[in-house]
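Q: Next comes the structure file structure_5.csv, holding CSV, C-alpha atoms.
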chain,number,residue,atom,x,y,z
A,17,MET,CA,129.2,54.7,100.4
A,18,SER,CA,129.6,51.6,98.3
A,19,ILE,CA,126.4,49.5,98.1
A,20,GLU,CA,128.3,46.5,96.8
A,21,THR,CA,131.0,46.3,99.4
A,22,GLU,CA,129.5,47.6,102.7
A,23,PHE,CA,126.4,45.4,103.0
A,24,ASP,CA,125.6,41.8,103.5
A,25,VAL,CA,122.7,41.9,101.0
A,26,THR,CA,122.3,44.0,97.9
A,27,GLY,CA,119.6,44.4,95.2
A,28,THR,CA,117.4,46.8,93.4
A,29,ILE,CA,114.0,48.3,93.9
A,30,ALA,CA,111.9,46.2,91.5
A,31,ARG,CA,108.5,47.9,91.9
A,32,LEU,CA,106.9,50.8,93.8
A,33,PHE,CA,103.2,51.2,94.7
A,34,ILE,CA,101.2,53.9,96.4
A,35,TYR,CA,97.6,53.6,97.7
A,36,PRO,CA,96.1,57.1,97.8
A,37,VAL,CA,92.9,55.9,99.4
A,38,LYS,CA,93.3,53.4,102.2
A,39,SER,CA,92.1,49.9,101.1
A,40,CYS,CA,91.2,51.0,97.6
A,41,ALA,CA,93.3,49.9,94.6
A,42,GLY,CA,96.9,50.9,94.4
A,43,ILE,CA,98.9,52.7,91.7
A,44,GLU,CA,102.2,51.3,90.4
A,45,VAL,CA,104.7,54.1,89.9
A,46,GLN,CA,108.2,54.4,88.6
A,47,GLU,CA,109.2,56.9,91.2
A,48,ALA,CA,107.8,58.5,94.4
A,49,VAL,CA,108.9,61.2,96.8
A,50,LEU,CA,109.8,59.8,100.2
A,51,THR,CA,108.3,61.7,103.0
A,52,GLU,CA,108.4,61.3,106.8
A,53,THR,CA,105.0,59.5,106.5
A,54,GLY,CA,106.0,57.2,103.7
A,55,LEU,CA,105.7,57.5,99.9
A,56,GLY,CA,104.1,60.8,98.8
A,57,LEU,CA,100.2,60.7,98.9
A,58,ASP,CA,100.2,57.1,100.2
A,59,ARG,CA,97.1,56.6,102.4
A,60,ALA,CA,96.5,60.3,102.4
A,61,TRP,CA,92.7,59.7,102.1
A,62,MET,CA,90.4,57.2,103.9
A,63,VAL,CA,86.8,56.1,103.7
A,64,VAL,CA,84.9,56.2,107.0
A,65,ASP,CA,81.4,55.1,108.1
A,66,ALA,CA,78.8,57.4,109.6
A,67,GLN,CA,80.5,57.3,112.9
A,68,GLY,CA,83.9,58.2,111.5
A,69,HIS,CA,85.4,54.7,111.8
A,70,PHE,CA,87.7,53.6,109.0
A,71,LEU,CA,86.4,51.1,106.4
A,72,THR,CA,88.5,48.5,104.6
A,73,GLN,CA,88.3,45.5,102.3
A,74,ARG,CA,88.1,43.3,105.4
A,75,THR,CA,84.4,44.1,105.6
A,76,LEU,CA,83.9,45.7,102.2
A,77,PRO,CA,85.8,43.7,99.5
A,78,ARG,CA,84.3,46.0,96.8
A,79,MET,CA,86.7,48.7,97.8
A,80,ALA,CA,89.3,46.7,95.8
A,81,LEU,CA,87.5,47.8,92.6
A,82,ILE,CA,87.8,51.5,93.3
A,83,ARG,CA,90.8,52.6,91.2
A,84,PRO,CA,92.5,56.0,91.8
A,85,GLN,CA,94.5,57.9,89.2
A,86,LEU,CA,96.6,60.9,90.2
A,87,LYS,CA,96.9,63.9,87.9
A,88,SER,CA,98.7,67.2,88.4
A,89,SER,CA,95.9,68.8,90.4
A,90,GLU,CA,93.3,66.1,91.1
A,91,MET,CA,92.7,62.5,91.9
A,92,VAL,CA,90.3,60.7,89.7
A,93,LEU,CA,88.4,57.7,91.2
A,94,ARG,CA,86.7,55.1,89.0
A,95,ALA,CA,84.6,52.0,89.9
A,96,PRO,CA,82.5,49.6,87.8
A,97,GLY,CA,79.1,51.1,86.9
A,98,THR,CA,79.8,54.6,88.1
A,99,LEU,CA,80.9,57.9,86.6
A,100,ALA,CA,84.3,59.0,87.6
A,101,LEU,CA,84.7,61.1,90.8
A,102,HIS,CA,87.2,64.0,90.6
A,103,VAL,CA,88.8,65.0,93.8
A,104,ALA,CA,90.9,68.2,93.9
A,105,LEU,CA,94.3,67.7,95.6
A,106,ASP,CA,94.3,71.1,97.2
A,107,VAL,CA,90.7,71.5,98.3
A,108,VAL,CA,88.9,70.2,101.4
A,109,GLU,CA,85.4,70.9,102.7
A,110,GLY,CA,85.6,71.0,106.5
A,111,PRO,CA,87.2,69.5,109.6
A,112,ALA,CA,86.4,66.0,110.8
A,113,THR,CA,87.5,63.6,113.5
A,114,VAL,CA,88.0,60.0,112.5
A,115,THR,CA,89.3,56.7,113.9
A,116,VAL,CA,91.8,54.4,112.4
A,117,TRP,CA,92.4,51.4,114.6
A,118,ASP,CA,93.1,52.7,118.1
A,119,ASP,CA,93.9,56.3,117.0
A,120,THR,CA,91.4,59.1,116.8
A,121,VAL,CA,92.8,61.8,114.7
A,122,PRO,CA,91.8,65.1,113.1
A,123,ALA,CA,91.1,65.0,109.3
A,124,TRP,CA,89.4,67.0,106.5
A,125,ASP,CA,86.1,65.9,105.0
A,126,MET,CA,86.0,65.9,101.2
A,127,GLY,CA,82.4,66.9,100.9
A,128,ALA,CA,79.0,65.7,100.0
A,129,LEU,CA,79.7,64.7,96.4
A,130,ALA,CA,82.5,62.4,97.4
A,131,ALA,CA,80.4,61.0,100.3
A,132,GLN,CA,77.5,60.2,98.0
A,133,TRP,CA,79.8,58.5,95.4
A,134,PHE,CA,81.3,56.2,97.9
A,135,SER,CA,78.0,55.5,99.7
A,136,ASP,CA,76.3,54.6,96.4
A,137,PHE,CA,79.1,52.2,95.4
A,138,LEU,CA,79.7,50.6,98.8
A,139,GLY,CA,76.0,50.4,99.7
A,140,GLN,CA,76.2,52.2,103.1
A,141,PRO,CA,76.7,55.7,104.4
A,142,CYS,CA,80.3,56.7,103.9
A,143,ARG,CA,82.5,59.8,103.8
A,144,LEU,CA,85.9,60.4,102.2
A,145,VAL,CA,88.4,62.2,104.5
A,146,ARG,CA,91.9,63.4,104.1
A,147,PHE,CA,94.6,63.2,106.7
A,148,ASP,CA,95.4,66.5,108.4
A,149,PRO,CA,99.1,67.0,107.7
A,150,ASP,CA,99.4,69.3,110.8
A,151,HIS,CA,98.7,66.2,113.0
A,152,LEU,CA,101.6,63.9,113.8
A,153,ARG,CA,100.4,60.3,114.1
A,154,LEU,CA,103.2,58.2,115.6
A,155,SER,CA,103.9,54.5,114.9
A,156,SER,CA,104.1,52.3,118.0
A,157,LYS,CA,107.2,53.0,120.0
A,158,LYS,CA,107.1,49.3,121.1
A,159,TRP,CA,108.5,48.6,117.6
A,160,THR,CA,110.3,51.8,116.6
A,161,GLY,CA,112.2,52.3,119.8
A,162,GLU,CA,113.9,55.6,120.1
A,163,LEU,CA,112.7,56.8,116.7
A,164,ASP,CA,109.6,59.0,116.4
A,165,ALA,CA,108.2,57.6,113.2
A,166,HIS,CA,105.2,59.1,111.5
A,167,THR,CA,102.4,57.7,109.3
A,168,GLN,CA,99.1,58.9,107.8
A,169,PHE,CA,96.2,56.5,107.4
A,170,ALA,CA,98.3,53.4,107.0
A,171,ASP,CA,97.5,50.6,109.5
A,172,GLY,CA,100.5,51.4,111.7
A,173,PHE,CA,103.7,52.1,109.8
A,174,ALA,CA,104.9,54.3,106.9
A,175,VAL,CA,106.1,51.7,104.4
A,176,LEU,CA,105.5,48.0,103.7
A,177,VAL,CA,108.4,46.1,102.1
A,178,THR,CA,108.4,42.7,100.4
A,179,SER,CA,110.3,41.0,97.7
A,180,GLU,CA,109.8,39.4,94.3
A,181,ALA,CA,111.4,36.2,95.6
A,182,SER,CA,108.8,36.0,98.4
A,183,ILE,CA,105.8,36.2,96.1
A,184,ASP,CA,107.5,33.8,93.7
A,185,ASP,CA,108.0,31.3,96.6
A,186,LEU,CA,104.3,31.6,97.6
A,187,ASN,CA,103.2,31.1,94.0
A,188,GLU,CA,105.3,27.9,93.7
A,189,ARG,CA,103.4,26.6,96.7
A,190,LEU,CA,100.0,27.7,95.4
A,191,VAL,CA,100.6,26.1,92.0
A,192,ALA,CA,101.8,22.9,93.6
A,193,LYS,CA,98.5,22.7,95.5
A,194,GLY,CA,96.5,23.3,92.3
A,195,HIS,CA,95.7,26.9,92.8
A,196,GLU,CA,96.4,29.9,90.5
A,197,ALA,CA,99.4,32.1,91.1
A,198,VAL,CA,98.7,35.6,92.5
A,199,GLY,CA,100.1,39.0,92.1
A,200,VAL,CA,102.1,40.8,94.7
A,201,GLU,CA,99.4,43.5,94.6
A,202,ARG,CA,97.3,41.3,97.0
A,203,PHE,CA,99.8,42.1,99.7
A,204,ARG,CA,99.7,45.9,99.1
A,205,PRO,CA,103.4,46.6,99.4
A,206,ASN,CA,105.0,50.0,98.8
A,207,VAL,CA,108.4,48.7,98.0
A,208,VAL,CA,109.2,45.4,96.3
A,209,LEU,CA,112.8,44.3,96.4
A,210,GLY,CA,114.6,42.5,93.6
A,211,GLY,CA,117.7,40.4,93.7
A,212,VAL,CA,117.3,39.0,97.2
A,213,ASP,CA,116.2,35.6,98.5
A,214,ALA,CA,112.7,34.8,99.5
A,215,HIS,CA,111.8,36.5,102.8
A,216,ASP,CA,115.2,38.2,103.1
A,217,GLU,CA,113.1,41.3,104.1
A,218,ASP,CA,112.5,39.4,107.4
A,219,ARG,CA,116.1,39.0,108.1
A,220,ILE,CA,117.6,42.4,107.4
A,221,ASP,CA,117.6,45.6,109.5
A,222,GLY,CA,116.2,47.7,106.6
A,223,VAL,CA,117.3,49.0,103.3
A,224,HIS,CA,119.8,51.7,102.5
A,225,ILE,CA,118.9,53.0,99.1
A,226,ALA,CA,121.3,54.9,96.8
A,227,VAL,CA,119.1,57.8,95.7
A,228,GLY,CA,122.0,59.8,94.3
A,229,GLN,CA,125.5,58.8,93.5
A,230,GLY,CA,125.7,56.6,96.5
A,231,ASP,CA,127.5,58.8,99.0
A,232,GLU,CA,126.1,59.2,102.5
A,233,ALA,CA,124.3,62.4,101.8
A,234,ASP,CA,122.4,60.7,99.0
A,235,THR,CA,121.1,57.7,100.9
A,236,ALA,CA,117.6,57.0,102.1
A,237,GLU,CA,117.0,54.5,104.9
A,238,LEU,CA,113.9,52.4,105.5
A,239,ARG,CA,114.2,50.7,108.8
A,240,HIS,CA,112.4,47.4,109.2
A,241,VAL,CA,110.6,47.4,112.5
A,242,LYS,CA,107.8,44.8,112.6
A,243,PRO,CA,106.6,41.8,110.6
A,244,CYS,CA,103.3,42.4,108.8
A,245,ALA,CA,100.6,40.1,110.3
A,246,ARG,CA,98.1,39.2,107.6
A,247,CYS,CA,94.4,39.6,107.7
A,248,PRO,CA,92.1,38.1,105.0
A,249,ILE,CA,92.7,40.9,102.4
A,250,PRO,CA,95.4,38.9,100.5
A,251,ASN,CA,92.6,36.3,99.8
A,252,ILE,CA,90.7,39.0,97.8
A,253,ASP,CA,91.3,39.1,94.0
A,254,PRO,CA,91.9,42.8,93.3
A,255,ALA,CA,90.5,42.4,89.8
A,256,THR,CA,87.1,40.9,90.9
A,257,ALA,CA,86.8,41.6,94.6
A,258,GLN,CA,86.0,37.9,95.1
A,259,SER,CA,87.6,36.1,98.0
A,260,SER,CA,88.9,32.5,98.4
A,261,PRO,CA,91.0,31.1,101.2
A,262,ALA,CA,93.8,29.7,99.1
A,263,VAL,CA,96.4,32.3,99.9
A,264,SER,CA,95.8,32.4,103.7
A,265,ASP,CA,95.6,28.6,103.8
A,266,THR,CA,98.9,28.2,102.0
A,267,LEU,CA,100.7,30.9,104.1
A,268,SER,CA,99.5,29.2,107.3
A,269,THR,CA,101.7,26.1,106.3
A,270,TYR,CA,105.0,28.0,106.5
A,271,ARG,CA,104.6,31.6,107.6
A,272,SER,CA,103.8,31.3,111.4
A,273,ASP,CA,106.0,34.0,113.0
A,274,LYS,CA,107.2,33.6,116.6
A,275,ARG,CA,107.9,37.3,116.9
A,276,LEU,CA,104.1,37.9,116.7
A,277,ASP,CA,103.0,34.9,118.8
A,278,GLY,CA,102.5,32.7,115.8
A,279,ALA,CA,100.6,35.1,113.6
A,280,ILE,CA,100.9,34.6,109.9
A,281,THR,CA,103.1,37.2,108.4
A,282,PHE,CA,104.2,38.3,104.9
A,283,GLY,CA,106.4,41.4,104.4
A,284,MET,CA,107.9,43.9,106.8
A,285,ASN,CA,106.6,47.1,108.1
A,286,ALA,CA,109.3,49.9,107.8
A,287,VAL,CA,109.7,53.5,108.9
A,288,VAL,CA,111.6,56.3,107.3
A,289,ALA,CA,114.8,56.7,109.2
A,290,ARG,CA,116.6,58.9,106.8
A,291,GLY,CA,116.0,60.6,103.4
A,292,ALA,CA,112.7,62.4,103.6
A,293,GLY,CA,112.5,64.6,100.5
A,294,GLN,CA,114.5,62.2,98.3
A,295,VAL,CA,113.0,60.4,95.3
A,296,LEU,CA,112.8,56.6,95.2
A,297,ARG,CA,112.9,55.1,91.8
A,298,VAL,CA,112.6,51.6,90.3
A,299,GLY,CA,116.0,50.3,89.6
A,300,GLN,CA,117.8,52.1,92.4
A,301,ARG,CA,120.4,50.0,94.2
A,302,PHE,CA,120.1,49.2,97.9
A,303,GLY,CA,122.1,47.5,100.6
A,304,ALA,CA,121.2,45.8,103.9
A,305,HIS,CA,122.7,44.1,106.9
A,306,TYR,CA,121.4,40.8,108.2
A,307,CYS,CA,120.1,41.0,111.8
A,308,PHE,CA,119.9,38.1,114.2
A,309,ASP,CA,117.8,37.6,117.3
Would you mind writing the file's structure down as structure tokens?
A:
Amino acid sequence: MSIETEFDVTGTIARLFIYPVKSCAGIEVQEAVLTETGLGLDRAWMVVDAQGHFLTQRTLPRMALIRPQLKSSEMVLRAPGTLALHVALDVVEGPATVTVWDDTVPAWDMGALAAQWFSDFLGQPCRLVRFDPDHLRLSSKKWTGELDAHTQFADGFAVLVTSEASIDDLNERLVAKGHEAVGVERFRPNVVLGGVDAHDEDRIDGVHIAVGQGDEADTAELRHVKPCARCPIPNIDPATAQSSPAVSDTLSTYRSDKRLDGAITFGMNAVVARGAGQVLRVGQRFGAHYCFD
């Protein structure tokens, strides 16, 4: 397969991010294993309330200040004014049942120490849980069609894709209105595309990534299935957890999406169509075809 000759659009993977704990800070990486549920260890853990319902920055902006670091055998979590919490990657405490959006799924509780650490920092009773890998949580077939696509604790789909040009375009608009530019981290993408036009991610069927030498056996495919409707989280500064409406207000002037009944969208939700077990790396070439309604 030739990336340069077979596709309408070509570019490179510019940045990669994983978010080990749902709604906490992300980790920028140079490479990540692609699994059926997305990038390895992405949204593998989640914070829940006393009733087992998921918690996010939507109601607890301070979650943005919780910063994970992955080491060979543990995840280290740090937050302002606290000692670090060390969570073993291969140890869980006991079974749990938790709810993320409309899905109630089995999980593994990470124990009293983790629960106390999150409860103290977030100011309410919390537990940290890990997704049960024996459970298959399917993305909505309304959007994935014939493909059985899996995810862990992500909102609904395995991977979120956006582009450098899209965030640059937004920042031009913000600065023109007298606001400060923002980082793409506010939009919590997994894959950031380089070398494409602003919002090309909306107009392509997905990305075919050359993970080897470019032949068919060494290609991973992320299929774009649903525009990502935006809640207030992009208004939250990940460095301070302070929120202001500038991002949402600016997006509302040009990002109303008829595919979602006028919802404000930024980025595309994608599923893993091919290539589980391959390694995605910054700098890899990709190709894509335009799709039209």
Q: How many Å separate CA of Met284 (chain A) from CA of Asp150 (chain A)?
A: 27.1 Å
Q: Rounded to one decimal, what separation in Å do you get between CA of Arg153 (chain A) and CA of Gly293 (chain A)?
A: 18.7 Å
Q: Pick the closest to Val295 (chain A) from A:Leu238, A:Leu129, A:Ala174, A:Gly228: which is it, counting only C-alpha atoms?
A: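 Using only C-alpha atoms, the shortest distance to Val295 (chain A) belongs to A:Gly228.
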Q: Can you pull out the residues contacting Val241 (chain A)? Cut-off 6 Å, using all atoms listed in the file, and skip same-chain residues under 2 positions away; I want them as a list in words.
A: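 Here the qualifying residues turn out to be Trp159, Asn285 and Ala286 of chain A.
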Q: Calculate how many Å separate CA of Gln85 (chain A) from CA of Glu180 (chain A), rounding to one decimal.
A: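 About the pair CA of Gln85 (chain A) and CA of Glu180 (chain A): they are 24.5 Å apart.
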Q: Which is closer to Pro111 (chain A) than all the others in A:Ile252, A:Val175, A:Ala131, A:Val145, using all atoms listed in the file?
A: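 Closest candidate: A:Val145.
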Q: Just checking: using only C-alpha atoms, which residue out of A:Ser39, A:Ser155, A:Ser88, A:Asn187 ends up closest to Arg59 (chain A)?
A: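 Distance minimum relative to Arg59 (chain A) lands on A:Ser39.
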Q: Go through A:Ala214, A:Leu276, A:Cys40, A:Leu76 and flag the residue nearest Leu138 (chain A), using all atoms listed in the file for the distances.
A: A:Leu76
Q: Quick one: everything within 7 Å of Val208 (chain A), counting all atoms listed in the file, minus sequence neighbours fewer than 2 positions away in the same chain. Send it as a ChimeraX atom specification.
A: /A:29-32,177-180,205-206,210
Q: Output region 23-54 of chain A as a PDB file, in the coordinates of the input, making sure N, CA and C atoms are there.
A:
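Final output, saved to selection02.pdb:
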ATOM      1  N   PHE A  23     127.639  46.076 102.492  1.00  0.00           N
ATOM      2  CA  PHE A  23     126.400  45.400 103.000  1.00  0.00           C
ATOM      3  C   PHE A  23     126.457  43.933 102.784  1.00  0.00           C
ATOM      4  N   ASP A  24     125.711  43.218 103.636  1.00  0.00           N
ATOM      5  CA  ASP A  24     125.600  41.800 103.500  1.00  0.00           C
ATOM      6  C   ASP A  24     124.729  41.378 102.306  1.00  0.00           C
ATOM      7  N   VAL A  25     123.715  42.191 102.019  1.00  0.00           N
ATOM      8  CA  VAL A  25     122.700  41.900 101.000  1.00  0.00           C
ATOM      9  C   VAL A  25     122.620  43.118 100.078  1.00  0.00           C
ATOM     10  N   THR A  26     122.568  42.914  98.782  1.00  0.00           N
ATOM     11  CA  THR A  26     122.300  44.000  97.900  1.00  0.00           C
ATOM     12  C   THR A  26     121.279  43.617  96.839  1.00  0.00           C
ATOM     13  N   GLY A  27     120.653  44.606  96.252  1.00  0.00           N
ATOM     14  CA  GLY A  27     119.600  44.400  95.200  1.00  0.00           C
ATOM     15  C   GLY A  27     119.156  45.655  94.667  1.00  0.00           C
ATOM     16  N   THR A  28     118.015  45.617  94.028  1.00  0.00           N
ATOM     17  CA  THR A  28     117.400  46.800  93.400  1.00  0.00           C
ATOM     18  C   THR A  28     115.974  46.940  93.845  1.00  0.00           C
ATOM     19  N   ILE A  29     115.465  48.148  93.762  1.00  0.00           N
ATOM     20  CA  ILE A  29     114.000  48.300  93.900  1.00  0.00           C
ATOM     21  C   ILE A  29     113.373  47.856  92.615  1.00  0.00           C
ATOM     22  N   ALA A  30     112.547  46.834  92.724  1.00  0.00           N
ATOM     23  CA  ALA A  30     111.900  46.200  91.500  1.00  0.00           C
ATOM     24  C   ALA A  30     110.603  46.903  91.184  1.00  0.00           C
ATOM     25  N   ARG A  31     109.805  47.262  92.198  1.00  0.00           N
ATOM     26  CA  ARG A  31     108.500  47.900  91.900  1.00  0.00           C
ATOM     27  C   ARG A  31     108.167  48.822  93.093  1.00  0.00           C
ATOM     28  N   LEU A  32     107.362  49.829  92.784  1.00  0.00           N
ATOM     29  CA  LEU A  32     106.900  50.800  93.800  1.00  0.00           C
ATOM     30  C   LEU A  32     105.376  50.949  93.624  1.00  0.00           C
ATOM     31  N   PHE A  33     104.675  51.023  94.750  1.00  0.00           N
ATOM     32  CA  PHE A  33     103.200  51.200  94.700  1.00  0.00           C
ATOM     33  C   PHE A  33     102.834  52.275  95.766  1.00  0.00           C
ATOM     34  N   ILE A  34     101.822  53.065  95.427  1.00  0.00           N
ATOM     35  CA  ILE A  34     101.200  53.900  96.400  1.00  0.00           C
ATOM     36  C   ILE A  34      99.685  53.613  96.414  1.00  0.00           C
ATOM     37  N   TYR A  35      99.060  53.879  97.541  1.00  0.00           N
ATOM     38  CA  TYR A  35      97.600  53.600  97.700  1.00  0.00           C
ATOM     39  C   TYR A  35      97.000  54.903  98.267  1.00  0.00           C
ATOM     40  N   PRO A  36      96.620  55.807  97.362  1.00  0.00           N
ATOM     41  CA  PRO A  36      96.100  57.100  97.800  1.00  0.00           C
ATOM     42  C   PRO A  36      94.970  57.025  98.804  1.00  0.00           C
ATOM     43  N   VAL A  37      94.011  56.123  98.513  1.00  0.00           N
ATOM     44  CA  VAL A  37      92.900  55.900  99.400  1.00  0.00           C
ATOM     45  C   VAL A  37      93.016  54.599 100.101  1.00  0.00           C
ATOM     46  N   LYS A  38      93.084  54.646 101.410  1.00  0.00           N
ATOM     47  CA  LYS A  38      93.300  53.400 102.200  1.00  0.00           C
ATOM     48  C   LYS A  38      92.301  52.340 101.774  1.00  0.00           C
ATOM     49  N   SER A  39      92.824  51.160 101.467  1.00  0.00           N
ATOM     50  CA  SER A  39      92.100  49.900 101.100  1.00  0.00           C
ATOM     51  C   SER A  39      91.433  49.951  99.758  1.00  0.00           C
ATOM     52  N   CYS A  40      91.627  51.018  98.979  1.00  0.00           N
ATOM     53  CA  CYS A  40      91.200  51.000  97.600  1.00  0.00           C
ATOM     54  C   CYS A  40      92.440  50.518  96.757  1.00  0.00           C
ATOM     55  N   ALA A  41      92.256  50.372  95.460  1.00  0.00           N
ATOM     56  CA  ALA A  41      93.300  49.900  94.600  1.00  0.00           C
ATOM     57  C   ALA A  41      94.557  50.748  94.669  1.00  0.00           C
ATOM     58  N   GLY A  42      95.699  50.146  94.424  1.00  0.00           N
ATOM     59  CA  GLY A  42      96.900  50.900  94.400  1.00  0.00           C
ATOM     60  C   GLY A  42      97.295  51.388  93.022  1.00  0.00           C
ATOM     61  N   ILE A  43      98.352  52.178  92.967  1.00  0.00           N
ATOM     62  CA  ILE A  43      98.900  52.700  91.700  1.00  0.00           C
ATOM     63  C   ILE A  43     100.359  52.286  91.651  1.00  0.00           C
ATOM     64  N   GLU A  44     100.743  51.576  90.614  1.00  0.00           N
ATOM     65  CA  GLU A  44     102.200  51.300  90.400  1.00  0.00           C
ATOM     66  C   GLU A  44     102.836  52.465  89.790  1.00  0.00           C
ATOM     67  N   VAL A  45     103.950  52.891  90.357  1.00  0.00           N
ATOM     68  CA  VAL A  45     104.700  54.100  89.900  1.00  0.00           C
ATOM     69  C   VAL A  45     106.125  53.715  89.622  1.00  0.00           C
ATOM     70  N   GLN A  46     106.775  54.528  88.825  1.00  0.00           N
ATOM     71  CA  GLN A  46     108.200  54.400  88.600  1.00  0.00           C
ATOM     72  C   GLN A  46     109.051  55.134  89.557  1.00  0.00           C
ATOM     73  N   GLU A  47     108.469  56.140  90.182  1.00  0.00           N
ATOM     74  CA  GLU A  47     109.200  56.900  91.200  1.00  0.00           C
ATOM     75  C   GLU A  47     108.198  57.534  92.150  1.00  0.00           C
ATOM     76  N   ALA A  48     108.681  57.855  93.346  1.00  0.00           N
ATOM     77  CA  ALA A  48     107.800  58.500  94.400  1.00  0.00           C
ATOM     78  C   ALA A  48     108.697  59.238  95.326  1.00  0.00           C
ATOM     79  N   VAL A  49     108.198  60.375  95.760  1.00  0.00           N
ATOM     80  CA  VAL A  49     108.900  61.200  96.800  1.00  0.00           C
ATOM     81  C   VAL A  49     108.754  60.452  98.112  1.00  0.00           C
ATOM     82  N   LEU A  50     109.862  60.335  98.820  1.00  0.00           N
ATOM     83  CA  LEU A  50     109.800  59.800 100.200  1.00  0.00           C
ATOM     84  C   LEU A  50     109.605  60.879 101.164  1.00  0.00           C
ATOM     85  N   THR A  51     108.591  60.744 101.997  1.00  0.00           N
ATOM     86  CA  THR A  51     108.300  61.700 103.000  1.00  0.00           C
ATOM     87  C   THR A  51     108.424  61.080 104.394  1.00  0.00           C
ATOM     88  N   GLU A  52     108.293  61.851 105.448  1.00  0.00           N
ATOM     89  CA  GLU A  52     108.400  61.300 106.800  1.00  0.00           C
ATOM     90  C   GLU A  52     107.291  60.247 107.046  1.00  0.00           C
ATOM     91  N   THR A  53     106.169  60.360 106.323  1.00  0.00           N
ATOM     92  CA  THR A  53     105.000  59.500 106.500  1.00  0.00           C
ATOM     93  C   THR A  53     104.973  58.338 105.498  1.00  0.00           C
ATOM     94  N   GLY A  54     106.014  58.203 104.678  1.00  0.00           N
ATOM     95  CA  GLY A  54     106.000  57.200 103.700  1.00  0.00           C
ATOM     96  C   GLY A  54     106.124  57.761 102.268  1.00  0.00           C
TER      97      GLY A  54
END
